[in-house]
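**Q** Next comes the structure file data17.cif, holding mmCIF, C-alpha atoms and all ligand atoms.
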data_model
loop_
_atom_site.label_atom_id
_atom_site.label_comp_id
_atom_site.auth_asym_id
_atom_site.auth_seq_id
_atom_site.Cartn_x
_atom_site.Cartn_y
_atom_site.Cartn_z
CA MET A 445 -6.98 -12.55 18.49
CA ALA A 446 -4.21 -10.44 17.13
CA GLY A 447 -2.95 -8.19 14.39
CA ILE A 448 0.32 -8.56 12.51
CA ASP A 449 2.69 -5.63 12.02
CA ILE A 450 5.60 -5.98 9.62
CA GLU A 451 8.21 -3.25 9.29
CA GLY A 452 11.15 -3.02 6.91
CA LEU A 453 11.22 -6.79 6.61
CA ALA A 454 13.86 -8.50 4.44
CA THR A 455 14.64 -12.19 4.24
CA VAL A 456 17.83 -13.09 2.40
CA TYR A 457 18.72 -16.76 1.76
CA PRO A 458 22.31 -17.94 2.23
CA ASN A 459 22.71 -17.98 -1.57
CA GLY A 460 22.06 -14.22 -1.63
CA VAL A 461 18.46 -14.28 -2.94
CA ARG A 462 16.50 -11.40 -1.35
CA ALA A 463 13.19 -13.28 -1.36
CA VAL A 464 11.52 -10.62 0.80
CA ASP A 465 12.98 -7.24 0.01
CA GLY A 466 12.01 -4.44 2.37
CA LEU A 467 8.34 -4.87 3.17
CA ASP A 468 5.93 -2.92 5.37
CA LEU A 469 2.41 -4.11 6.04
CA GLN A 470 -0.19 -4.39 8.75
CA VAL A 471 -2.86 -7.05 9.02
CA ALA A 472 -5.75 -6.06 11.27
CA ASP A 473 -7.18 -8.20 14.04
CA GLY A 474 -9.67 -10.64 12.54
CA GLU A 475 -8.86 -9.68 8.97
CA PHE A 476 -8.78 -12.11 6.04
CA PHE A 477 -5.68 -10.89 4.22
CA ALA A 478 -4.41 -12.27 0.88
CA LEU A 479 -0.82 -12.23 -0.34
CA LEU A 480 -1.01 -12.44 -4.11
CA GLY A 481 1.74 -12.65 -6.71
CA PRO A 482 3.34 -14.81 -9.37
CA SER A 483 5.35 -17.90 -8.52
CA GLY A 484 8.74 -17.02 -7.04
CA CYS A 485 7.79 -13.52 -5.83
CA GLY A 486 8.45 -14.40 -2.18
CA LYS A 487 5.00 -15.25 -0.78
CA THR A 488 6.02 -18.49 0.94
CA THR A 489 9.19 -16.90 2.30
CA LEU A 490 7.19 -14.02 3.79
CA LEU A 491 4.73 -16.43 5.40
CA ARG A 492 7.56 -18.60 6.78
CA THR A 493 9.29 -15.50 8.13
CA ILE A 494 6.09 -14.47 9.96
CA ALA A 495 5.89 -18.03 11.35
CA GLY A 496 9.57 -18.00 12.35
CA LEU A 497 10.54 -20.87 10.05
CA GLU A 498 12.88 -18.46 8.22
CA THR A 499 14.91 -15.84 10.03
CA ALA A 500 14.38 -12.20 9.14
CA THR A 501 17.58 -10.58 7.89
CA GLU A 502 16.28 -7.04 8.48
CA GLY A 503 13.20 -5.49 10.04
CA THR A 504 10.65 -6.61 12.60
CA VAL A 505 7.60 -8.85 12.88
CA ARG A 506 5.07 -8.05 15.61
CA ILE A 507 2.13 -10.26 16.49
CA ASP A 508 -0.47 -8.91 18.90
CA ALA A 509 1.89 -5.93 19.47
CA ALA A 510 4.73 -8.20 20.72
CA ASP A 511 8.04 -8.20 18.83
CA VAL A 512 8.51 -11.85 17.77
CA THR A 513 11.28 -11.30 15.22
CA ARG A 514 13.66 -13.53 17.19
CA THR A 515 11.04 -15.71 18.92
CA ASP A 516 10.93 -19.50 18.34
CA PRO A 517 8.21 -20.61 15.88
CA GLY A 518 6.44 -22.60 18.60
CA LYS A 519 6.12 -19.56 20.82
CA ARG A 520 4.72 -17.07 18.30
CA GLY A 521 1.10 -18.16 18.58
CA VAL A 522 0.82 -18.82 14.83
CA ALA A 523 -0.67 -21.85 13.09
CA MET A 524 0.39 -22.60 9.54
CA VAL A 525 -1.10 -24.77 6.81
CA PHE A 526 1.50 -25.80 4.23
CA GLN A 527 0.84 -26.10 0.52
CA ASP A 528 1.34 -29.89 0.60
CA TYR A 529 -0.58 -30.14 3.95
CA ALA A 530 2.38 -31.93 5.66
CA LEU A 531 0.14 -34.45 7.45
CA PHE A 532 1.80 -37.30 9.37
CA PRO A 533 1.00 -40.38 7.24
CA HIS A 534 1.33 -42.93 10.08
CA MET A 535 -1.03 -41.03 12.41
CA SER A 536 -4.82 -41.11 12.35
CA VAL A 537 -6.85 -38.00 11.50
CA SER A 538 -7.55 -37.55 15.20
CA GLU A 539 -3.85 -37.79 16.11
CA ASN A 540 -2.92 -35.42 13.29
CA ILE A 541 -5.45 -32.80 14.43
CA THR A 542 -4.33 -32.91 18.07
CA TYR A 543 -0.58 -33.31 17.51
CA PRO A 544 0.19 -29.67 18.45
CA LEU A 545 -1.75 -30.21 21.70
CA LYS A 546 0.16 -33.41 22.43
CA VAL A 547 3.44 -31.51 22.01
CA ARG A 548 2.14 -29.05 24.61
CA ARG A 549 1.28 -32.01 26.90
CA VAL A 550 -2.47 -31.37 26.88
CA ALA A 551 -4.30 -34.30 28.54
CA ALA A 552 -5.62 -37.10 26.31
CA ALA A 553 -9.26 -36.59 27.28
CA THR A 554 -9.09 -32.90 26.36
CA ARG A 555 -7.37 -33.78 23.09
CA ALA A 556 -10.13 -36.24 22.21
CA SER A 557 -12.84 -33.64 22.78
CA VAL A 558 -10.94 -31.01 20.75
CA ALA A 559 -10.52 -33.55 17.92
CA SER A 560 -14.23 -34.35 17.78
CA ARG A 561 -15.31 -30.70 18.04
CA THR A 562 -12.87 -29.52 15.34
CA ALA A 563 -13.75 -32.47 13.11
CA GLY A 564 -17.37 -31.36 13.41
CA GLU A 565 -16.55 -27.77 12.42
CA LEU A 566 -14.67 -28.99 9.34
CA SER A 567 -17.10 -31.71 8.23
CA LEU A 568 -14.68 -34.51 9.08
CA ASP A 569 -17.01 -36.47 11.38
CA GLY A 570 -16.64 -40.19 10.96
CA LEU A 571 -13.11 -39.91 9.56
CA LEU A 572 -11.19 -39.51 12.82
CA GLU A 573 -9.72 -43.04 12.81
CA ARG A 574 -8.59 -42.99 9.17
CA LYS A 575 -5.01 -42.39 8.01
CA PRO A 576 -4.33 -39.46 5.59
CA GLY A 577 -3.70 -41.96 2.77
CA GLN A 578 -7.34 -43.07 3.05
CA LEU A 579 -8.70 -39.55 2.47
CA SER A 580 -9.51 -37.50 -0.64
CA GLY A 581 -7.50 -34.34 -1.40
CA GLY A 582 -10.30 -32.13 -0.08
CA GLN A 583 -10.51 -34.12 3.17
CA GLN A 584 -6.72 -33.96 3.65
CA GLN A 585 -6.88 -30.21 3.13
CA ARG A 586 -9.55 -29.93 5.84
CA VAL A 587 -7.50 -32.10 8.23
CA ALA A 588 -4.55 -29.72 7.75
CA LEU A 589 -6.88 -26.79 8.50
CA ALA A 590 -8.33 -28.62 11.50
CA ARG A 591 -4.84 -29.19 12.92
CA ALA A 592 -4.05 -25.49 12.53
CA ILE A 593 -7.31 -24.40 14.15
CA ALA A 594 -7.07 -26.92 17.00
CA SER A 595 -3.65 -25.50 17.94
CA GLU A 596 -5.50 -22.31 18.92
CA GLY A 597 -3.00 -19.92 17.42
CA LYS A 598 -3.73 -16.20 17.38
CA VAL A 599 -2.95 -16.06 13.69
CA LEU A 600 -3.66 -18.49 10.86
CA LEU A 601 -1.15 -18.64 7.98
CA LEU A 602 -2.29 -20.50 4.86
CA ASP A 603 0.15 -21.23 2.01
CA GLU A 604 -1.85 -21.91 -1.18
CA PRO A 605 -4.14 -24.30 0.72
CA LEU A 606 -6.49 -24.84 -2.23
CA SER A 607 -3.97 -25.25 -5.05
CA ASN A 608 -3.84 -29.07 -4.86
CA LEU A 609 -7.60 -29.42 -5.31
CA ASP A 610 -9.31 -29.85 -8.66
CA ALA A 611 -11.33 -26.93 -10.03
CA ARG A 612 -14.76 -27.84 -8.68
CA LEU A 613 -13.55 -28.86 -5.24
CA ARG A 614 -11.43 -25.71 -5.08
CA LEU A 615 -14.55 -23.54 -5.46
CA GLU A 616 -16.37 -25.49 -2.74
CA ALA A 617 -13.37 -25.33 -0.40
CA ARG A 618 -13.08 -21.59 -1.06
CA THR A 619 -16.64 -20.94 0.10
CA PHE A 620 -16.12 -23.22 3.08
CA LEU A 621 -12.90 -21.42 4.05
CA LYS A 622 -14.50 -17.99 3.80
CA LYS A 623 -17.37 -19.00 6.05
CA LEU A 624 -15.06 -20.74 8.53
CA GLN A 625 -12.80 -17.69 8.77
CA ARG A 626 -15.80 -15.43 9.36
CA ASP A 627 -17.23 -17.74 12.03
CA LEU A 628 -13.90 -18.09 13.86
CA GLY A 629 -12.93 -14.44 13.36
CA ILE A 630 -9.24 -15.45 13.39
CA THR A 631 -6.65 -13.17 11.76
CA THR A 632 -5.73 -15.01 8.56
CA VAL A 633 -3.01 -14.52 5.96
CA PHE A 634 -3.80 -16.46 2.81
CA VAL A 635 -1.15 -16.93 0.13
CA THR A 636 -2.18 -17.52 -3.46
CA HIS A 637 -0.98 -17.00 -7.03
CA ASP A 638 -4.63 -17.09 -8.18
CA GLN A 639 -6.05 -13.58 -8.49
CA ALA A 640 -9.66 -14.81 -8.62
CA GLU A 641 -9.17 -16.62 -5.31
CA ALA A 642 -7.72 -13.50 -3.69
CA LEU A 643 -10.52 -11.27 -5.03
CA ALA A 644 -13.19 -13.70 -3.84
CA LEU A 645 -11.86 -14.34 -0.34
CA ALA A 646 -9.92 -11.43 1.03
CA ASP A 647 -10.85 -8.29 2.93
CA ARG A 648 -7.63 -6.79 1.59
CA ILE A 649 -5.00 -7.94 -0.90
CA ALA A 650 -1.26 -7.26 -1.03
CA VAL A 651 0.14 -7.77 -4.53
CA MET A 652 3.83 -8.75 -4.51
CA GLU A 653 6.52 -8.76 -7.19
CA SER A 654 10.15 -9.77 -6.61
CA GLY A 655 9.92 -9.57 -2.82
CA LYS A 656 8.32 -6.11 -2.87
CA LEU A 657 4.78 -4.84 -2.35
CA ARG A 658 3.28 -3.37 -5.53
CA GLN A 659 -0.19 -2.52 -4.22
CA LEU A 660 -2.27 -2.97 -1.10
CA GLY A 661 -6.01 -2.47 -1.14
CA SER A 662 -9.48 -3.96 -1.11
CA PRO A 663 -10.40 -6.38 -3.91
CA ARG A 664 -12.51 -3.59 -5.42
CA GLU A 665 -9.60 -1.12 -5.39
CA VAL A 666 -7.00 -3.42 -6.91
CA PHE A 667 -9.47 -4.51 -9.60
CA ALA A 668 -10.89 -1.10 -10.53
CA ARG A 669 -7.75 0.98 -9.99
CA PRO A 670 -4.51 -1.01 -10.28
CA ALA A 671 -1.69 1.24 -9.07
CA ASN A 672 0.70 0.18 -11.82
CA THR A 673 0.82 -1.87 -15.02
CA PHE A 674 2.21 -4.92 -13.16
CA VAL A 675 -0.91 -5.14 -10.98
CA ALA A 676 -3.10 -4.22 -13.97
CA ASN A 677 -1.69 -7.19 -15.88
CA PHE A 678 -1.97 -9.56 -12.95
CA ILE A 679 -5.54 -8.88 -11.73
CA GLY A 680 -8.69 -9.69 -13.68
CA SER A 681 -9.97 -12.80 -15.43
CA THR A 682 -9.73 -11.05 -18.80
CA PRO A 683 -6.49 -9.11 -19.35
CA MET A 684 -6.67 -5.33 -18.99
CA ASN A 685 -6.03 -3.38 -22.22
CA LEU A 686 -2.73 -1.51 -21.83
CA ILE A 687 -2.22 0.59 -24.94
CA PRO A 688 0.35 3.28 -25.79
CA GLY A 689 -1.31 6.70 -25.96
CA ARG A 690 -0.48 10.38 -26.11
CA ILE A 691 -1.87 13.55 -24.58
CA THR A 692 -1.16 16.40 -26.97
CA GLU A 693 -2.98 19.43 -25.54
CA PRO A 694 -1.45 20.98 -22.42
CA VAL A 695 -3.69 20.64 -19.32
CA ASP A 696 -3.14 21.66 -15.72
CA GLN A 697 -5.31 18.99 -14.16
CA GLY A 698 -8.67 17.44 -14.90
CA ASP A 699 -10.29 15.93 -17.96
CA VAL A 700 -8.26 15.35 -21.12
CA VAL A 701 -8.71 13.53 -24.37
CA VAL A 702 -5.99 10.96 -24.98
CA SER A 703 -5.05 9.79 -28.47
CA VAL A 704 -4.93 6.01 -28.53
CA ALA A 705 -5.21 3.18 -31.08
CA GLY A 706 -6.03 5.56 -33.94
CA GLY A 707 -8.90 7.12 -31.98
CA SER A 708 -9.35 8.80 -28.62
CA LEU A 709 -10.73 8.24 -25.11
CA PRO A 710 -11.60 10.59 -22.25
CA ALA A 711 -9.43 10.46 -19.13
CA THR A 712 -8.55 12.44 -16.05
CA THR A 713 -5.04 13.62 -15.21
CA PHE A 714 -3.99 14.54 -11.70
CA VAL A 715 -0.83 16.32 -12.80
CA ALA A 716 -0.12 19.03 -15.34
CA VAL A 717 0.73 17.53 -18.74
CA ALA A 718 1.84 18.82 -22.11
CA ASP A 719 2.53 16.47 -25.01
CA VAL A 720 3.24 13.40 -22.92
CA GLU A 721 3.35 9.70 -23.78
CA VAL A 722 1.26 7.46 -21.53
CA THR A 723 0.03 3.89 -21.26
CA VAL A 724 -3.77 3.84 -21.33
CA GLY A 725 -5.35 1.18 -19.13
CA ILE A 726 -8.95 0.10 -19.65
CA ARG A 727 -10.62 -3.15 -18.60
CA PRO A 728 -12.57 -5.04 -21.29
CA GLU A 729 -15.54 -4.99 -18.88
CA TYR A 730 -15.60 -1.16 -18.87
CA LEU A 731 -15.64 -0.62 -22.66
CA THR A 732 -18.96 -0.36 -24.51
CA LEU A 733 -19.25 -1.76 -28.02
CA THR A 734 -21.74 -0.37 -30.53
CA THR A 735 -22.35 -0.55 -34.26
CA ASN A 736 -23.99 2.90 -34.19
CA ASP A 737 -22.10 6.09 -34.86
CA VAL A 738 -20.92 7.98 -31.80
CA SER A 739 -19.93 11.62 -31.31
CA GLY A 740 -17.11 12.41 -28.90
CA PRO A 741 -14.02 10.40 -28.00
CA ALA A 742 -14.16 6.78 -29.25
CA LEU A 743 -12.14 3.98 -30.80
CA ARG A 744 -13.14 2.59 -34.19
CA GLY A 745 -12.21 -0.81 -35.55
CA THR A 746 -13.17 -4.19 -36.95
CA VAL A 747 -14.10 -7.29 -35.00
CA LEU A 748 -11.33 -9.89 -35.32
CA VAL A 749 -12.60 -12.71 -33.14
CA ALA A 750 -15.07 -13.34 -30.28
CA GLU A 751 -14.62 -15.91 -27.50
CA ASN A 752 -17.52 -17.21 -25.44
CA LEU A 753 -16.91 -16.86 -21.69
CA GLY A 754 -20.32 -18.17 -20.61
CA THR A 755 -22.77 -15.31 -20.14
CA GLN A 756 -20.24 -12.86 -21.66
CA SER A 757 -18.13 -12.88 -24.80
CA LEU A 758 -14.65 -11.41 -25.08
CA VAL A 759 -14.48 -9.58 -28.40
CA THR A 760 -11.10 -8.63 -29.87
CA VAL A 761 -11.31 -5.51 -32.03
CA ASP A 762 -8.57 -4.38 -34.41
CA CYS A 763 -8.35 -0.61 -33.93
CA ASP A 764 -5.86 0.79 -36.42
CA GLY A 765 -3.52 -2.18 -35.86
CA THR A 766 -3.93 -2.27 -32.05
CA LEU A 767 -5.91 -5.19 -30.60
CA VAL A 768 -8.45 -4.07 -27.99
CA GLY A 769 -10.47 -6.49 -25.85
CA VAL A 770 -14.08 -5.71 -24.89
CA THR A 771 -16.66 -7.90 -23.15
CA VAL A 772 -20.28 -7.91 -24.32
CA PRO A 773 -23.34 -9.94 -23.26
CA GLU A 774 -23.04 -13.29 -25.02
CA GLU A 775 -26.23 -12.67 -27.06
CA ASP A 776 -24.80 -9.37 -28.42
CA GLU A 777 -21.65 -11.01 -29.78
CA PRO A 778 -20.84 -9.35 -33.16
CA ALA A 779 -19.69 -11.36 -36.19
CA ALA A 780 -16.06 -11.21 -37.28
CA GLY A 781 -15.50 -8.36 -39.73
CA THR A 782 -18.20 -6.09 -38.23
CA ALA A 783 -17.24 -2.40 -38.05
CA VAL A 784 -17.68 -1.26 -34.43
CA THR A 785 -17.13 1.74 -32.16
CA LEU A 786 -15.86 1.50 -28.57
CA THR A 787 -16.48 4.07 -25.84
CA ALA A 788 -15.62 4.28 -22.16
CA PRO A 789 -16.67 6.47 -19.22
CA VAL A 790 -13.96 8.90 -18.14
CA SER A 791 -13.81 7.37 -14.65
CA ARG A 792 -12.72 3.99 -16.06
CA VAL A 793 -9.82 5.10 -18.24
CA LEU A 794 -6.52 5.01 -16.34
CA LEU A 795 -3.33 6.78 -17.35
CA TYR A 796 0.00 5.17 -16.48
CA ASP A 797 3.39 6.80 -16.81
CA ARG A 798 4.94 5.24 -19.95
CA GLU A 799 8.37 4.99 -18.31
CA THR A 800 7.58 3.84 -14.75
CA GLY A 801 4.23 2.11 -15.31
CA GLU A 802 2.81 3.86 -12.23
CA LEU A 803 -0.56 5.66 -12.14
P1 LIG B 1 6.60 -17.97 -3.91
O1 LIG B 1 6.05 -18.65 -2.70
O2 LIG B 1 5.98 -16.63 -4.16
O3 LIG B 1 6.53 -18.82 -5.13
P2 LIG B 1 9.18 -18.27 -2.61
O4 LIG B 1 9.11 -17.53 -1.34
O5 LIG B 1 9.06 -19.75 -2.55
O6 LIG B 1 8.15 -17.64 -3.65
O7 LIG B 1 10.58 -17.95 -3.30
C1 LIG B 1 11.05 -16.61 -3.46
C2 LIG B 1 12.45 -16.65 -4.04
O8 LIG B 1 13.35 -17.23 -3.10
C3 LIG B 1 12.58 -17.45 -5.32
O9 LIG B 1 13.51 -16.80 -6.14
C4 LIG B 1 13.12 -18.77 -4.83
O10 LIG B 1 13.87 -19.40 -5.83
C5 LIG B 1 13.97 -18.37 -3.66
N1 LIG B 1 14.04 -19.39 -2.60
C6 LIG B 1 12.99 -19.99 -1.98
N2 LIG B 1 13.41 -20.84 -1.01
C7 LIG B 1 14.76 -20.78 -1.02
C8 LIG B 1 15.80 -21.44 -0.25
N3 LIG B 1 15.49 -22.31 0.72
N4 LIG B 1 17.08 -21.12 -0.55
C9 LIG B 1 17.38 -20.24 -1.52
N5 LIG B 1 16.46 -19.58 -2.27
C10 LIG B 1 15.17 -19.85 -2.04
MG MG B 2 5.10 -20.52 -2.53
#
Any chance you could put this one into structure tokens?
**A**
Amino acid sequence: MAGIDIEGLATVYPNGVRAVDGLDLQVADGEFFALLGPSGCGKTTLLRTIAGLETATEGTVRIDAADVTRTDPGKRGVAMVFQDYALFPHMSVSENITYPLKVRRVAAATRASVASRTAGELSLDGLLERKPGQLSGGQQQRVALARAIASEGKVLLLDEPLSNLDARLRLEARTFLKKLQRDLGITTVFVTHDQAEALALADRIAVMESGKLRQLGSPREVFARPANTFVANFIGSTPMNLIPGRITEPVDQGDVVVSVAGGSLPATTFVAVADVEVTVGIRPEYLTLTTNDVSGPALRGTVLVAENLGTQSLVTVDCDGTLVGVTVPEEDEPAAGTAVTLTAPVSRVLLYDRETGEL
């Protein structure tokens, strides 16, 4: 088992694209780590640079404390699963799984026992003689995982391994993968553009934008306290409300009332402020909707539309021309046109710098 230590890493393609642009991060031994970000942000390039399939332009990659920045991919002790699985179509499942062992000249009898054991772990029993073309997408995905695990790398690198599966199978495979990773205890870096997948699976998440790290934290931290408006926009199944606001009274530090959307909300500032423009961030899940009158800071508006999300409804409220989203239990969904009041606890209202978008 092994940790990964990345320092000042940059990967520049021959055409000048800085796909990874100065990155520091550590993945702990045995950790399930997610790299999350929009398409094109450099996730695959970072993974391939850790694996040695791309050459680092600057910085270092250490695996299990050894500097492998210039080490051949085959000698880094990493196993990678590619987004398209990259199975050998002319080889059987068994041959696919044990190919890395064959390359290392492991004896045939040993390979056969590894194939049957790994097939058992990944629910592929009975499929060992089939060719990849005779398997479903979910089975192919498990063969790719089996091949990576059978190679006995110290580190498992997974590039969007679930993205080719349909929605239902993806959920099943997600649960399966989480349990497998926990049972094996192997250090795993999981790349995804799907924030729900990252939140569900990972011990920690690194959110990337344009080759840079925008936040690193536990799923709880990045959800409840996005460090900037980019992460705030990217994480969450309902979009976070990000609304222009203003603090008018001067405060040293502590609780303030922020003017926003024709009303006001309580918030906490960690720096001294006096008449400053901010972006107010509040998740729809953290707002409370009521038709009663409320004293203290609140937003007032009219229900525009409500969308059923299953057990919850997402209600869009027009507050003085600003649209604010709030989730309510499905049975409490108000009719369009209802006059409502929205409140939020001070701990849930985040203040972002209007210029930089940082907390
Ligand atoms: P992601 O996996 O997050 O979608 P990639 O790592 O594939 O992102 O790509 C990051 C950036 O590098 C993109 O701008 C992409 O166009 C560029 N890129 C990827 N591969 C190459 C390549 N082989 N040559 C040149 N540019 C590339
Ligand atoms: Mg990619």
**Q** For Ala454 (chain A), work out the shell of residues within 8 Å, counting only C-alpha atoms and skipping chain neighbours fewer than 2 positions away, then give it as a PyMOL selection string.
**A** chain A and resi 452+456+462-467+500-503
**Q** Skip region 750-763 of chain A itself and residues of its chain fewer than 3 positions away, then list as number ranges by chain all residues within 7 Å of it, counting all atoms listed in the file.
**A** A: 705-706, 743-747, 766-774, 777
**Q** Please give me, as a ChimeraX atom specification, the residues lying within 8 Å of ligand LIG 1 (chain B) when counting only C-alpha atoms and all ligand atoms.
**A** /A:457-464,481-490,603,635,637,654-655
**Q** So, counting only C-alpha atoms, which residue among A:Leu686, A:Leu469, A:Leu571, A:Val505 is closest to Leu660 (chain A)?
**A**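 Ranking A:Leu686, A:Leu469, A:Leu571, A:Val505 by distance to Leu660 (chain A), first place goes to A:Leu469.
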**Q** Pick out the closest residue to Glu802 (chain A) from this set: A:Gln527, A:Thr673, A:Asn685, A:Gln585. Count all atoms listed in the file.
**A**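 That would be A:Thr673, the residue with the smallest distance to Glu802 (chain A).
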**Q** When you count all atoms listed in the file, which of these residues is closest to Ala617 (chain A): A:Arg586, A:Arg492, A:Lys546, A:Arg506?
**A**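 For Ala617 (chain A), the nearest of the given residues is A:Arg586.
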**Q** Neighbouring residues of Asp473 (chain A) were defined as those with any atom within 10 Å, considering only C-alpha atoms; residues of the same chain fewer than 6 positions away were excluded. Please report them as number ranges by chain.
**A** A: 445-448, 507-508, 598-599, 629-632
**Q** Rank A:Asp797, A:Asp468, A:Glu729, A:Asp528 by their smallest atom-to-atom distance to ligand MG 2 (chain B), using only C-alpha atoms and all ligand atoms, and report the top residue only.
**A** A:Asp528
**Q** Tell me, as a list in words, which residues lie within 10 Å of Leu621 (chain A), counting all atoms listed in the file; anything in the same chain fewer than 3 positions away does not count.
**A** Leu566, Arg586, Leu589, Pro605, Leu606, Leu615, Glu616, Ala617, Arg618, Leu624, Gln625, Arg626, Asp627 and Leu645 of chain A
**Q** Find the distance between CA of Lys575 (chain A) and CA of Val550 (chain A) and write it in Å to one decimal.
**A** 22.0 Å
**Q** Between A:Ala563, A:Ala788, A:Val471, A:Ala592, single out the one closest to Leu531 (chain A), counting all atoms listed in the file.
**A**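 Looking at the shortest contact to Leu531 (chain A), the residue is A:Ala592.
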**Q** Return the single residue from A:Val749, A:Val525, A:Val784, A:Leu795 that is closest to Val720 (chain A), with distances computed using only C-alpha atoms.
**A** A:Leu795
**Q** Which neighbours of Leu601 (chain A) fall inside 7 Å, counting all atoms listed in the file, when residues of the same chain fewer than 5 positions from it are skipped, and could you give them as JSON, numbers by chain?
**A** {"A": [491, 523, 524, 525, 632, 633, 634]}
**Q** Find the distance between CA of Leu643 (chain A) and CA of Ile494 (chain A) and write it in Å to one decimal.
**A**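 Spanning CA of Leu643 (chain A) to CA of Ile494 (chain A) is a straight-line distance of 22.6 Å.
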**Q** Measure the distance from CA of Pro517 (chain A) to CA of Leu497 (chain A) in Å and round it to one decimal.
**A**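 Rounded to one decimal, the two atoms are 6.3 Å apart.
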